[in-house]
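Content type compact mmCIF, C-alpha atoms, from the file structure_13.txt:
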```txt
# COMPACT_ATOMS: atom_id res chain seq x y z
CA MET A 235 -24.70 -32.20 -59.71
CA ASP A 236 -23.91 -31.09 -56.18
CA VAL A 237 -22.03 -28.13 -54.75
CA GLU A 238 -19.30 -26.52 -56.77
CA GLY A 239 -20.54 -28.31 -59.87
CA THR A 240 -19.03 -31.64 -58.96
CA PHE A 241 -20.26 -34.87 -60.51
CA LEU A 242 -20.36 -36.93 -57.31
CA PRO A 243 -22.88 -36.07 -54.58
CA MET A 244 -21.28 -34.32 -51.61
CA THR A 245 -21.93 -37.32 -49.37
CA TYR A 246 -19.91 -39.62 -51.66
CA ARG A 247 -17.04 -37.31 -52.55
CA PRO A 248 -14.93 -37.88 -49.38
CA ILE A 249 -15.01 -41.68 -49.41
CA ALA A 250 -14.56 -41.86 -53.20
CA LEU A 251 -11.50 -39.59 -53.06
CA PHE A 252 -10.01 -41.43 -50.08
CA SER A 253 -10.45 -44.66 -52.06
CA LEU A 254 -8.65 -43.03 -54.97
CA GLY A 255 -5.83 -42.16 -52.58
CA ILE A 256 -5.46 -45.84 -51.65
CA TRP A 257 -5.25 -46.70 -55.35
CA GLY A 258 -2.52 -44.07 -55.70
CA TRP A 259 -0.57 -45.54 -52.79
CA ALA A 260 -0.83 -49.03 -54.33
CA LEU A 261 0.48 -47.59 -57.59
CA ASN A 262 3.35 -45.94 -55.68
CA LEU A 263 4.36 -49.29 -54.20
CA PHE A 264 4.08 -50.96 -57.60
CA VAL A 265 6.29 -48.40 -59.37
CA LEU A 266 8.88 -48.44 -56.58
CA SER A 267 9.04 -52.24 -56.53
CA LYS A 268 9.37 -52.50 -60.30
CA SER A 269 12.12 -49.85 -60.19
CA GLY A 270 14.19 -51.97 -57.81
CA ILE A 271 13.39 -49.93 -54.70
CA ASP A 272 12.31 -51.98 -51.67
CA PRO A 273 9.41 -50.16 -49.93
CA VAL A 274 9.27 -52.81 -47.17
CA THR A 275 12.71 -51.79 -45.93
CA LEU A 276 12.05 -48.06 -46.27
CA LEU A 277 8.71 -48.25 -44.45
CA GLN A 278 10.24 -50.35 -41.64
CA LEU A 279 7.83 -53.25 -42.06
CA HIS A 280 8.00 -56.96 -41.29
CA GLN A 281 6.91 -59.09 -44.23
CA ALA A 282 6.45 -62.77 -43.46
CA ASP A 283 5.54 -63.72 -47.03
CA LYS A 284 8.54 -62.60 -49.08
CA GLN A 285 6.94 -63.89 -52.28
CA THR A 286 3.96 -61.52 -52.11
CA PRO A 287 4.87 -57.96 -53.11
CA LEU A 288 3.67 -55.22 -50.79
CA TYR A 289 1.52 -53.59 -53.47
CA LYS A 290 -0.64 -56.67 -54.14
CA PRO A 291 -2.78 -56.58 -50.95
CA VAL A 292 -3.15 -52.79 -51.26
CA PHE A 293 -4.45 -53.15 -54.81
CA ILE A 294 -6.92 -55.84 -53.73
CA ILE A 295 -8.19 -53.83 -50.75
CA SER A 296 -8.52 -50.77 -53.01
CA ALA A 297 -10.54 -52.80 -55.50
CA VAL A 298 -12.87 -54.15 -52.80
CA PHE A 299 -13.49 -50.67 -51.38
CA SER A 300 -14.12 -49.28 -54.87
CA VAL A 301 -16.69 -51.98 -55.65
CA VAL A 302 -18.47 -51.30 -52.36
CA ILE A 303 -18.58 -47.57 -53.10
CA MET A 304 -19.79 -48.00 -56.69
CA VAL A 305 -22.56 -50.43 -55.69
CA ASN A 306 -23.71 -48.06 -52.96
CA LEU A 307 -23.57 -45.11 -55.35
CA TRP A 308 -25.80 -46.99 -57.80
CA LEU A 309 -28.26 -47.73 -54.98
CA TYR A 310 -28.21 -44.04 -54.02
CA TRP A 311 -29.06 -42.94 -57.55
CA TYR A 312 -31.70 -45.65 -57.90
CA PHE A 313 -33.53 -45.12 -54.60
CA ASN A 314 -32.65 -41.42 -54.25
CA THR A 315 -32.60 -41.54 -50.44
CA PRO A 316 -29.95 -40.01 -48.13
CA VAL A 317 -29.99 -43.08 -45.86
CA VAL A 318 -28.23 -45.13 -48.56
CA ALA A 319 -25.35 -42.60 -48.54
CA MET A 320 -24.32 -43.87 -45.09
CA LEU A 321 -23.82 -47.43 -46.32
CA PRO A 322 -20.40 -47.02 -48.04
CA TYR A 323 -18.89 -45.51 -44.88
CA ILE A 324 -20.36 -48.25 -42.68
CA SER A 325 -19.37 -50.99 -45.15
CA CYS A 326 -15.76 -49.81 -45.58
CA LEU A 327 -15.27 -49.39 -41.83
CA ALA A 328 -16.74 -52.86 -41.24
CA LEU A 329 -14.32 -54.34 -43.78
CA LEU A 330 -11.38 -52.46 -42.26
CA PHE A 331 -12.13 -53.62 -38.69
CA TRP A 332 -13.37 -57.08 -39.64
CA PRO A 333 -11.68 -59.49 -37.16
CA GLY A 334 -11.46 -62.37 -39.63
CA LYS A 335 -8.16 -63.42 -41.19
CA GLY A 336 -9.37 -62.84 -44.75
CA LEU A 337 -8.89 -59.71 -46.83
CA TYR A 338 -5.28 -59.31 -45.70
CA ARG A 339 -5.88 -58.89 -41.98
CA LYS A 340 -2.24 -58.07 -41.27
CA GLU A 341 -2.25 -55.17 -43.71
CA ARG A 342 -5.52 -53.85 -42.28
CA ILE A 343 -4.17 -54.00 -38.71
CA ARG A 344 -0.98 -52.31 -39.90
CA PHE A 345 -3.03 -49.44 -41.34
CA ILE A 346 -5.08 -49.10 -38.14
CA ARG A 347 -1.92 -48.96 -36.01
CA MET A 348 -0.37 -46.40 -38.32
CA SER A 349 -3.52 -44.27 -38.18
CA LYS A 350 -3.43 -44.37 -34.38
CA ARG A 351 0.15 -43.11 -34.38
CA VAL A 352 -0.57 -40.39 -36.95
CA PHE A 353 -3.66 -39.04 -35.14
CA SER A 354 -2.15 -39.40 -31.68
CA LEU A 355 -1.68 -36.20 -29.66
CA ASN A 356 1.44 -37.55 -27.94
CA ILE A 357 4.29 -35.29 -29.08
CA PHE A 358 6.88 -37.48 -27.31
CA ALA A 359 6.07 -40.62 -29.33
CA PRO A 360 8.60 -41.67 -32.00
CA VAL A 361 7.76 -40.71 -35.58
CA PHE A 362 8.44 -43.41 -38.16
CA PHE A 363 9.10 -42.80 -41.83
CA SER A 364 5.86 -44.56 -42.80
CA ASP A 365 3.94 -42.19 -40.50
CA ILE A 366 5.54 -39.19 -42.21
CA ILE A 367 4.58 -40.48 -45.66
CA MET A 368 0.98 -41.08 -44.55
CA ALA A 369 0.64 -37.66 -42.90
CA ASP A 370 2.10 -35.92 -45.94
CA MET A 371 -0.38 -37.75 -48.15
CA LEU A 372 -3.22 -36.55 -45.89
CA THR A 373 -2.23 -32.90 -46.51
CA SER A 374 -3.13 -33.46 -50.16
CA PHE A 375 -6.59 -34.50 -48.96
CA SER A 376 -7.09 -31.50 -46.66
CA ASN A 377 -10.08 -30.22 -48.62
CA VAL A 378 -11.58 -33.71 -48.45
CA PHE A 379 -11.56 -33.42 -44.65
CA GLY A 380 -13.69 -30.28 -45.00
CA ASP A 381 -16.00 -32.14 -47.38
CA LEU A 382 -16.17 -35.02 -44.89
CA PHE A 383 -17.43 -32.69 -42.17
CA VAL A 384 -20.10 -31.22 -44.46
CA ALA A 385 -21.06 -34.70 -45.65
CA SER A 386 -21.47 -35.79 -42.01
CA CYS A 387 -23.75 -32.83 -41.37
CA VAL A 388 -25.79 -33.68 -44.46
CA LEU A 389 -26.14 -37.33 -43.44
CA ILE A 390 -27.03 -36.58 -39.82
CA ALA A 391 -29.29 -33.56 -40.33
CA GLY A 392 -30.84 -34.69 -43.60
CA GLN A 393 -30.36 -31.25 -45.17
CA LYS A 394 -28.72 -30.40 -48.50
CA SER A 395 -25.08 -29.31 -48.46
CA SER A 396 -26.10 -25.77 -49.50
CA TYR A 397 -27.93 -25.44 -46.17
CA PHE A 398 -24.60 -25.63 -44.35
CA MET A 399 -22.39 -23.82 -46.89
CA ASP A 400 -24.56 -21.10 -48.45
CA ASN A 401 -26.96 -20.27 -45.64
CA THR A 402 -25.96 -17.21 -43.61
CA ASP A 403 -27.58 -18.76 -40.54
CA ASN A 404 -24.94 -21.49 -40.55
CA LEU A 405 -21.75 -19.43 -40.54
CA TYR A 406 -20.45 -21.55 -37.65
CA TYR A 407 -20.21 -24.63 -39.85
CA ARG A 408 -18.81 -22.84 -42.89
CA ASP A 409 -16.44 -20.32 -41.32
CA ILE A 410 -15.13 -22.27 -38.34
CA MET A 411 -15.59 -26.01 -38.58
CA VAL A 412 -14.87 -26.48 -42.29
CA PRO A 413 -11.59 -24.49 -42.18
CA LEU A 414 -10.66 -26.32 -38.97
CA PHE A 415 -11.08 -29.70 -40.64
CA ILE A 416 -9.08 -28.49 -43.67
CA CYS A 417 -6.30 -27.45 -41.28
CA LEU A 418 -6.27 -30.83 -39.52
CA PRO A 419 -3.73 -32.65 -41.79
CA TYR A 420 -1.32 -29.71 -41.52
CA LEU A 421 -1.65 -29.68 -37.74
CA ILE A 422 -0.90 -33.42 -37.70
CA ARG A 423 2.23 -32.91 -39.75
CA LEU A 424 3.23 -29.95 -37.56
CA LYS A 425 2.90 -32.16 -34.50
CA GLN A 426 5.18 -34.72 -36.11
CA CYS A 427 7.80 -32.04 -36.79
CA ILE A 428 7.69 -31.02 -33.14
CA SER A 429 8.06 -34.66 -32.08
CA GLU A 430 11.04 -35.12 -34.38
CA PHE A 431 12.67 -31.98 -33.01
CA ILE A 432 12.19 -33.21 -29.45
CA GLU A 433 13.79 -36.53 -30.42
CA THR A 434 16.70 -35.27 -32.55
CA LYS A 435 17.11 -31.56 -31.61
CA GLU A 436 17.71 -30.84 -35.32
CA LYS A 437 16.61 -27.35 -36.41
CA ARG A 438 15.45 -28.54 -39.81
CA HIS A 439 12.36 -30.04 -38.18
CA ILE A 440 11.42 -26.59 -36.89
CA LEU A 441 11.87 -25.16 -40.39
CA ASN A 442 9.75 -28.00 -41.75
CA GLY A 443 7.07 -27.25 -39.17
CA ILE A 444 7.03 -23.62 -40.32
CA LYS A 445 6.33 -24.86 -43.83
CA TYR A 446 3.19 -26.66 -42.70
CA SER A 447 2.20 -23.72 -40.51
CA SER A 448 2.35 -21.43 -43.55
CA ALA A 449 -0.71 -23.22 -44.98
CA LEU A 450 -2.86 -22.20 -41.99
CA PRO A 451 -3.06 -18.44 -42.80
CA VAL A 452 -4.06 -19.32 -46.38
CA ILE A 453 -7.00 -21.39 -45.12
CA ILE A 454 -8.03 -18.94 -42.39
CA LEU A 455 -7.83 -15.86 -44.62
CA ALA A 456 -9.86 -17.69 -47.27
CA ALA A 457 -12.62 -18.27 -44.73
CA ILE A 458 -12.48 -14.62 -43.67
CA GLN A 459 -12.58 -13.51 -47.30
CA LYS A 460 -15.61 -15.66 -47.92
CA LYS A 461 -17.44 -14.18 -44.95
CA ALA A 462 -16.45 -10.66 -46.05
CA THR A 463 -17.98 -11.35 -49.46
CA ILE A 464 -21.28 -12.25 -47.82
CA TYR A 465 -21.24 -9.06 -45.76
CA MET A 466 -20.51 -7.00 -48.87
CA LYS A 467 -23.35 -8.68 -50.72
CA GLU A 468 -25.89 -8.22 -47.92
CA THR A 469 -24.92 -4.89 -46.35
CA GLY A 470 -22.46 -3.34 -48.77
CA SER A 471 -19.67 -3.12 -46.20
CA ILE A 472 -17.55 -5.09 -43.76
CA PRO A 473 -18.23 -4.62 -40.00
CA ASN A 474 -16.09 -1.86 -38.47
CA SER A 475 -15.00 -4.27 -35.73
CA TRP A 476 -12.88 -6.09 -38.31
CA HIS A 477 -10.61 -3.06 -38.85
CA LEU A 478 -9.90 -4.44 -42.32
CA GLU A 479 -10.99 -3.69 -45.84
CA GLU A 480 -11.91 -6.43 -48.29
CA ASN A 481 -8.96 -5.53 -50.53
CA THR A 482 -6.61 -5.73 -47.53
CA ILE A 483 -7.80 -9.25 -46.74
CA THR A 484 -7.27 -10.27 -50.36
CA ARG A 485 -3.74 -8.84 -50.41
CA TYR A 486 -2.81 -10.71 -47.22
CA TRP A 487 -4.27 -13.89 -48.70
CA ILE A 488 -2.23 -13.52 -51.91
CA LEU A 489 0.90 -12.89 -49.84
CA PHE A 490 0.48 -16.06 -47.79
CA VAL A 491 -0.42 -18.12 -50.88
CA PHE A 492 2.89 -17.01 -52.41
CA ILE A 493 4.85 -17.77 -49.24
CA ASN A 494 3.28 -21.20 -48.80
CA SER A 495 3.70 -22.17 -52.45
CA MET A 496 7.33 -21.09 -52.76
CA TYR A 497 8.38 -22.39 -49.36
CA SER A 498 6.73 -25.76 -50.01
CA PHE A 499 8.27 -26.05 -53.48
CA TRP A 500 11.74 -25.19 -52.21
CA TRP A 501 11.40 -27.73 -49.39
CA ASP A 502 10.20 -30.42 -51.79
CA ILE A 503 13.15 -30.23 -54.13
CA SER A 504 15.86 -29.23 -51.67
CA MET A 505 14.98 -31.15 -48.49
CA ASP A 506 12.37 -33.84 -49.11
CA TRP A 507 13.90 -34.95 -52.41
CA ASN A 508 17.39 -33.74 -51.47
CA LEU A 509 17.68 -33.01 -55.17
CA ILE A 510 19.34 -29.62 -55.51
CA ASP A 511 21.93 -27.73 -53.53
CA PHE A 512 22.74 -24.04 -53.37
CA SER A 513 26.50 -23.88 -52.94
CA THR A 514 29.64 -21.89 -53.71
CA ASN A 515 33.02 -23.22 -54.76
CA LYS A 516 36.38 -22.05 -53.51
CA ARG A 517 37.26 -20.12 -56.66
CA ASN A 518 33.91 -18.47 -57.28
CA THR A 519 31.76 -17.01 -54.52
CA THR A 520 28.69 -16.76 -56.76
CA PRO A 521 26.03 -19.21 -55.53
CA SER A 522 25.26 -22.06 -57.92
CA ILE A 523 22.42 -24.56 -58.17
CA GLN A 524 23.28 -28.16 -58.91
CA LEU A 525 21.63 -31.57 -58.83
CA ARG A 526 22.98 -34.18 -56.45
CA ASN A 527 25.43 -36.59 -58.00
CA GLN A 528 23.58 -39.80 -57.18
CA LEU A 529 20.37 -40.07 -59.23
CA TYR A 530 18.43 -43.34 -59.33
CA PHE A 531 16.20 -42.40 -62.29
CA PRO A 532 17.11 -40.66 -65.59
CA THR A 533 17.88 -36.95 -65.14
CA ILE A 534 14.92 -35.86 -67.28
CA CYS A 535 12.54 -37.46 -64.74
CA TYR A 536 13.81 -35.16 -61.99
CA ILE A 537 13.55 -32.06 -64.18
CA LEU A 538 9.97 -32.87 -65.19
CA ALA A 539 9.07 -33.72 -61.58
CA MET A 540 10.38 -30.34 -60.35
CA LEU A 541 8.45 -28.47 -63.06
CA PHE A 542 5.27 -30.41 -62.35
CA ASP A 543 5.65 -29.90 -58.60
CA PHE A 544 6.12 -26.16 -59.04
CA LEU A 545 3.01 -25.71 -61.19
CA LEU A 546 0.74 -27.79 -59.00
CA ARG A 547 2.05 -26.32 -55.74
CA ILE A 548 0.64 -23.00 -56.92
CA THR A 549 -2.75 -24.36 -58.01
CA TRP A 550 -3.13 -26.44 -54.84
CA SER A 551 -2.47 -23.43 -52.61
CA LEU A 552 -5.29 -21.66 -54.46
CA LYS A 553 -7.63 -24.63 -54.01
CA LEU A 554 -6.95 -24.63 -50.26
CA SER A 555 -8.98 -21.44 -50.29
CA SER A 556 -12.60 -22.42 -49.92
CA HIS A 557 -13.88 -19.10 -51.30
CA ILE A 558 -12.59 -19.86 -54.81
CA TYR A 559 -15.14 -21.70 -56.92
CA ILE A 560 -14.95 -22.99 -60.49
CA ARG A 561 -18.53 -23.79 -61.37
CA GLN A 562 -17.99 -24.20 -65.12
CA MET A 563 -16.07 -27.43 -64.64
CA ASP A 564 -15.65 -30.01 -61.92
CA ALA A 565 -13.66 -28.42 -59.08
CA SER A 566 -12.38 -31.88 -58.17
CA ILE A 567 -9.95 -31.57 -61.08
CA PHE A 568 -7.74 -29.52 -58.75
CA LEU A 569 -7.82 -32.28 -56.16
CA LEU A 570 -7.14 -34.99 -58.74
CA LEU A 571 -4.10 -33.04 -59.95
CA GLU A 572 -2.91 -32.66 -56.36
CA ILE A 573 -3.33 -36.40 -55.77
CA PHE A 574 -1.21 -37.03 -58.85
CA ARG A 575 1.38 -34.48 -57.65
CA ARG A 576 1.51 -36.26 -54.31
CA TRP A 577 1.95 -39.57 -56.13
CA VAL A 578 5.01 -38.12 -57.88
CA TRP A 579 6.23 -36.59 -54.61
CA VAL A 580 6.07 -39.97 -52.83
CA ILE A 581 8.07 -41.67 -55.60
CA PHE A 582 10.95 -39.21 -55.31
CA ARG A 583 10.70 -38.92 -51.52
CA MET A 584 11.20 -42.65 -51.14
CA GLU A 585 13.83 -42.66 -53.90
CA THR A 586 15.78 -40.21 -51.75
CA GLU A 587 15.73 -42.58 -48.79
CA TRP A 588 16.72 -45.47 -51.05
CA VAL A 589 19.68 -43.52 -52.44
CA LYS A 590 20.75 -42.83 -48.87
CA LYS A 591 20.71 -46.57 -48.19
CA ILE A 592 22.69 -47.42 -51.33
CA TYR A 593 25.30 -44.68 -51.05
CA ASN A 594 25.59 -44.64 -47.28
CA THR A 595 29.38 -45.06 -47.39
CA LEU A 596 29.87 -41.85 -49.39
CA PRO A 597 31.07 -38.67 -47.65
CA LEU A 598 28.27 -36.63 -46.14
CA ASP A 599 28.86 -33.56 -48.28
CA SER A 600 28.53 -35.55 -51.52
CA LEU A 601 24.96 -36.60 -50.72
CA ARG A 602 24.07 -34.40 -47.75
CA LEU A 603 23.10 -37.46 -45.71
CA ASN A 604 22.86 -35.29 -42.63
CA LEU A 605 19.70 -33.75 -44.10
CA LEU A 606 17.91 -37.05 -44.61
CA ASP A 607 15.57 -38.81 -42.21
CA ARG A 608 16.49 -41.74 -39.97
CA LYS A 609 20.14 -42.10 -40.77
CA THR A 610 21.72 -45.18 -39.25
CA SER A 611 25.21 -46.64 -39.30
CA SER A 612 24.10 -49.31 -41.77
CA GLY A 613 21.82 -47.11 -43.84
CA ILE A 614 18.93 -49.53 -43.20
CA LEU A 615 15.86 -48.43 -41.28
CA SER A 616 15.02 -50.55 -38.23
CA PRO A 617 11.60 -52.27 -38.38
CA ILE A 618 8.81 -50.76 -36.30
CA GLU A 619 8.64 -52.60 -32.99
CA GLU A 620 4.87 -53.08 -33.02
CA GLU A 621 5.03 -54.75 -36.44
CA ASP A 622 4.20 -58.45 -36.18
CA PRO A 623 7.22 -60.53 -37.27
```
Would you mind writing the file out in structure tokens?
Amino acid sequence: MDVEGTFLPMTYRPIALFSLGIWGWALNLFVLSKSGIDPVTLLQLHQADKQTPLYKPVFIISAVFSVVIMVNLWLYWYFNTPVVAMLPYISCLALLFWPGKGLYRKERIRFIRMSKRVFSLNIFAPVFFSDIIMADMLTSFSNVFGDLFVASCVLIAGQKSSYFMDNTDNLYYRDIMVPLFICLPYLIRLKQCISEFIETKEKRHILNGIKYSSALPVIILAAIQKKATIYMKETGSIPNSWHLEENTITRYWILFVFINSMYSFWWDISMDWNLIDFSTNKRNTTPSIQLRNQLYFPTICYILAMLFDFLLRITWSLKLSSHIYIRQMDASIFLLLEIFRRWVWVIFRMETEWVKKIYNTLPLDSLRLNLLDRKTSSGILSPIEEEDP
């Protein structure tokens, strides 16, 4: 067992969970393809081999990475040396950047190019739909970014993870760098919203950026709360320079958790999924909530998805807070549930774009096409220019 009672060692948790995320993305592509939704068109990709479905190479790459990680994990348990823990990271990076044509070189290059765009600081660069999907998926792995930083410290310094997380002499790592890395995916998505606003001048991108910004106070206040707990344990009080009481910090944290959870849930179902609309009719001024008319899946799927999204939005906002520990069971359960929630979110997010393509000739108010991304006169997204034909 390592920190927070997790089964995997801290050094293996980040790469194992990122690998799980790739499996989830492959499953997304599989479900969409089998449902009659074309992810190649939605993601603006060139596909030379029309006979090979997009999910096949992703599944194979996921399987190769998983085998590499499991073999290295066995070696780590057998030899019990920290040096072995570096091997899965080196091996997976070597496979990703391998210049040979094997192991689906085109898909690997596509991922590298997409990563460059996502992590770029250029706010004037165009934002493609595939980049948005990837960045949104990264927000579900925000805690993994914090774990990745701690794992890097463990591998480089050769100390246990508790040395960096539970030692009061290392507050810099725990209270500044770890929250900063957790914030990174939200800052990436915020940058994309700013880029989209610069390109389109649509206010909804600003409102979307506020949604991602609302996660930052949750993370920051959690770090402050954790530090306050240490002060209370060691000295019995919080420094006067803070001008805050511990209960005040907790109340602010609860407030921002509520704001982030509710705002994110509303945006999911109303904007990202374009699923519900708050409207009034001419005869009755009382606002009403209704599903959009064009649904690709059975209605029950949307109802269950909204319920599931609501429940897990709340739990994930709590897990963003690094001062909350569940030592009796594996804390990674929260992350696994969030990965599954994101899997569901991606299905309905791409379904929304597909519905836009199918029903593009309908009046705007019947589908609210003006609220969807990348609308074109034909309803088909143009391929990304840097994609190899």
Tell me which protein, DNA and RNA residues are within 12 Å of Lys350 of chain A, counting only C-alpha atoms, leaving out same-chain ones fewer than 3 positions away, and put them as a PDB file with C-alpha atoms, in the frame of the given file.
```pdb
ATOM      1  CA  ILE A 343      -4.170 -54.000 -38.710  1.00  0.00           C
ATOM      2  CA  ARG A 344      -0.980 -52.310 -39.900  1.00  0.00           C
ATOM      3  CA  PHE A 345      -3.030 -49.440 -41.340  1.00  0.00           C
ATOM      4  CA  ILE A 346      -5.080 -49.100 -38.140  1.00  0.00           C
ATOM      5  CA  ARG A 347      -1.920 -48.960 -36.010  1.00  0.00           C
ATOM      6  CA  PHE A 353      -3.660 -39.040 -35.140  1.00  0.00           C
ATOM      7  CA  SER A 354      -2.150 -39.400 -31.680  1.00  0.00           C
ATOM      8  CA  LEU A 355      -1.680 -36.200 -29.660  1.00  0.00           C
ATOM      9  CA  ASN A 356       1.440 -37.550 -27.940  1.00  0.00           C
ATOM     10  CA  ALA A 359       6.070 -40.620 -29.330  1.00  0.00           C
ATOM     11  CA  VAL A 361       7.760 -40.710 -35.580  1.00  0.00           C
ATOM     12  CA  ASP A 365       3.940 -42.190 -40.500  1.00  0.00           C
ATOM     13  CA  MET A 368       0.980 -41.080 -44.550  1.00  0.00           C
ATOM     14  CA  ALA A 369       0.640 -37.660 -42.900  1.00  0.00           C
ATOM     15  CA  ILE A 422      -0.900 -33.420 -37.700  1.00  0.00           C
TER      16      ILE A 422
END
```
What is the distance, in Å and to one decimal place, between atom CA of Gln528 of chain A and atom CA of Ser498 of chain A?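 Between these atoms lies a distance of 23.1 Å.
The gap separating atom CA of Leu509 of chain A from atom CA of Arg526 of chain A is 5.6 Å, in Å to one decimal.
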Proximity to Ser448 of chain A - best of A:Ile493, A:Ile271, A:Met411, A:Ile548, all atoms listed in the file: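 Of A:Ile493, A:Ile271, A:Met411, A:Ile548, the one nearest Ser448 of chain A, counting all atoms listed in the file, is A:Ile493.
Between atom CA of Asp272 of chain A and atom CA of His439 of chain A the interatomic distance comes to 25.8 Å.
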Since the input is missing atoms for segment 572-588 of chain A, could you rebuild it with N, CA, C and O atoms and give the result as a PDB file, keeping the file's coordinate frame?
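What landed in result-v1.pdb:
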```pdb
ATOM      1  N   GLU A 572      -3.712 -32.650 -57.579  1.00  0.00           N
ATOM      2  CA  GLU A 572      -2.910 -32.660 -56.360  1.00  0.00           C
ATOM      3  C   GLU A 572      -2.612 -34.096 -55.930  1.00  0.00           C
ATOM      4  O   GLU A 572      -1.508 -34.391 -55.458  1.00  0.00           O
ATOM      5  N   ILE A 573      -3.573 -34.992 -56.089  1.00  0.00           N
ATOM      6  CA  ILE A 573      -3.330 -36.400 -55.770  1.00  0.00           C
ATOM      7  C   ILE A 573      -2.225 -36.953 -56.670  1.00  0.00           C
ATOM      8  O   ILE A 573      -1.337 -37.682 -56.210  1.00  0.00           O
ATOM      9  N   PHE A 574      -2.262 -36.579 -57.949  1.00  0.00           N
ATOM     10  CA  PHE A 574      -1.210 -37.030 -58.850  1.00  0.00           C
ATOM     11  C   PHE A 574       0.132 -36.411 -58.480  1.00  0.00           C
ATOM     12  O   PHE A 574       1.172 -37.079 -58.539  1.00  0.00           O
ATOM     13  N   ARG A 575       0.130 -35.120 -58.090  1.00  0.00           N
ATOM     14  CA  ARG A 575       1.380 -34.480 -57.650  1.00  0.00           C
ATOM     15  C   ARG A 575       1.931 -35.196 -56.419  1.00  0.00           C
ATOM     16  O   ARG A 575       3.142 -35.422 -56.306  1.00  0.00           O
ATOM     17  N   ARG A 576       1.059 -35.556 -55.502  1.00  0.00           N
ATOM     18  CA  ARG A 576       1.510 -36.260 -54.310  1.00  0.00           C
ATOM     19  C   ARG A 576       2.054 -37.646 -54.674  1.00  0.00           C
ATOM     20  O   ARG A 576       3.009 -38.119 -54.059  1.00  0.00           O
ATOM     21  N   TRP A 577       1.448 -38.293 -55.661  1.00  0.00           N
ATOM     22  CA  TRP A 577       1.950 -39.570 -56.130  1.00  0.00           C
ATOM     23  C   TRP A 577       3.387 -39.418 -56.618  1.00  0.00           C
ATOM     24  O   TRP A 577       4.261 -40.218 -56.274  1.00  0.00           O
ATOM     25  N   VAL A 578       3.651 -38.385 -57.400  1.00  0.00           N
ATOM     26  CA  VAL A 578       5.010 -38.120 -57.880  1.00  0.00           C
ATOM     27  C   VAL A 578       5.926 -37.794 -56.707  1.00  0.00           C
ATOM     28  O   VAL A 578       7.066 -38.274 -56.636  1.00  0.00           O
ATOM     29  N   TRP A 579       5.431 -36.993 -55.774  1.00  0.00           N
ATOM     30  CA  TRP A 579       6.230 -36.590 -54.610  1.00  0.00           C
ATOM     31  C   TRP A 579       6.669 -37.826 -53.819  1.00  0.00           C
ATOM     32  O   TRP A 579       7.821 -37.923 -53.399  1.00  0.00           O
ATOM     33  N   VAL A 580       5.747 -38.763 -53.595  1.00  0.00           N
ATOM     34  CA  VAL A 580       6.070 -39.970 -52.830  1.00  0.00           C
ATOM     35  C   VAL A 580       7.150 -40.783 -53.522  1.00  0.00           C
ATOM     36  O   VAL A 580       8.078 -41.305 -52.874  1.00  0.00           O
ATOM     37  N   ILE A 581       7.059 -40.908 -54.844  1.00  0.00           N
ATOM     38  CA  ILE A 581       8.070 -41.670 -55.600  1.00  0.00           C
ATOM     39  C   ILE A 581       9.463 -41.114 -55.332  1.00  0.00           C
ATOM     40  O   ILE A 581      10.394 -41.860 -54.975  1.00  0.00           O
ATOM     41  N   PHE A 582       9.620 -39.801 -55.457  1.00  0.00           N
ATOM     42  CA  PHE A 582      10.950 -39.210 -55.310  1.00  0.00           C
ATOM     43  C   PHE A 582      11.349 -39.060 -53.841  1.00  0.00           C
ATOM     44  O   PHE A 582      12.541 -39.042 -53.528  1.00  0.00           O
ATOM     45  N   ARG A 583      10.369 -38.968 -52.962  1.00  0.00           N
ATOM     46  CA  ARG A 583      10.700 -38.920 -51.520  1.00  0.00           C
ATOM     47  C   ARG A 583      11.290 -40.249 -51.078  1.00  0.00           C
ATOM     48  O   ARG A 583      12.281 -40.287 -50.331  1.00  0.00           O
ATOM     49  N   MET A 584      10.692 -41.349 -51.527  1.00  0.00           N
ATOM     50  CA  MET A 584      11.200 -42.650 -51.140  1.00  0.00           C
ATOM     51  C   MET A 584      12.463 -43.005 -51.937  1.00  0.00           C
ATOM     52  O   MET A 584      13.328 -43.726 -51.438  1.00  0.00           O
ATOM     53  N   GLU A 585      12.585 -42.486 -53.150  1.00  0.00           N
ATOM     54  CA  GLU A 585      13.830 -42.660 -53.900  1.00  0.00           C
ATOM     55  C   GLU A 585      14.992 -42.024 -53.146  1.00  0.00           C
ATOM     56  O   GLU A 585      16.107 -42.562 -53.127  1.00  0.00           O
ATOM     57  N   THR A 586      14.743 -40.884 -52.520  1.00  0.00           N
ATOM     58  CA  THR A 586      15.780 -40.210 -51.750  1.00  0.00           C
ATOM     59  C   THR A 586      16.271 -41.090 -50.606  1.00  0.00           C
ATOM     60  O   THR A 586      17.483 -41.227 -50.372  1.00  0.00           O
ATOM     61  N   GLU A 587      15.350 -41.699 -49.886  1.00  0.00           N
ATOM     62  CA  GLU A 587      15.730 -42.580 -48.790  1.00  0.00           C
ATOM     63  C   GLU A 587      16.478 -43.817 -49.306  1.00  0.00           C
ATOM     64  O   GLU A 587      17.392 -44.319 -48.662  1.00  0.00           O
ATOM     65  N   TRP A 588      16.068 -44.301 -50.478  1.00  0.00           N
ATOM     66  CA  TRP A 588      16.720 -45.470 -51.050  1.00  0.00           C
ATOM     67  C   TRP A 588      18.151 -45.138 -51.482  1.00  0.00           C
ATOM     68  O   TRP A 588      19.069 -45.938 -51.296  1.00  0.00           O
TER      69      TRP A 588
END
```
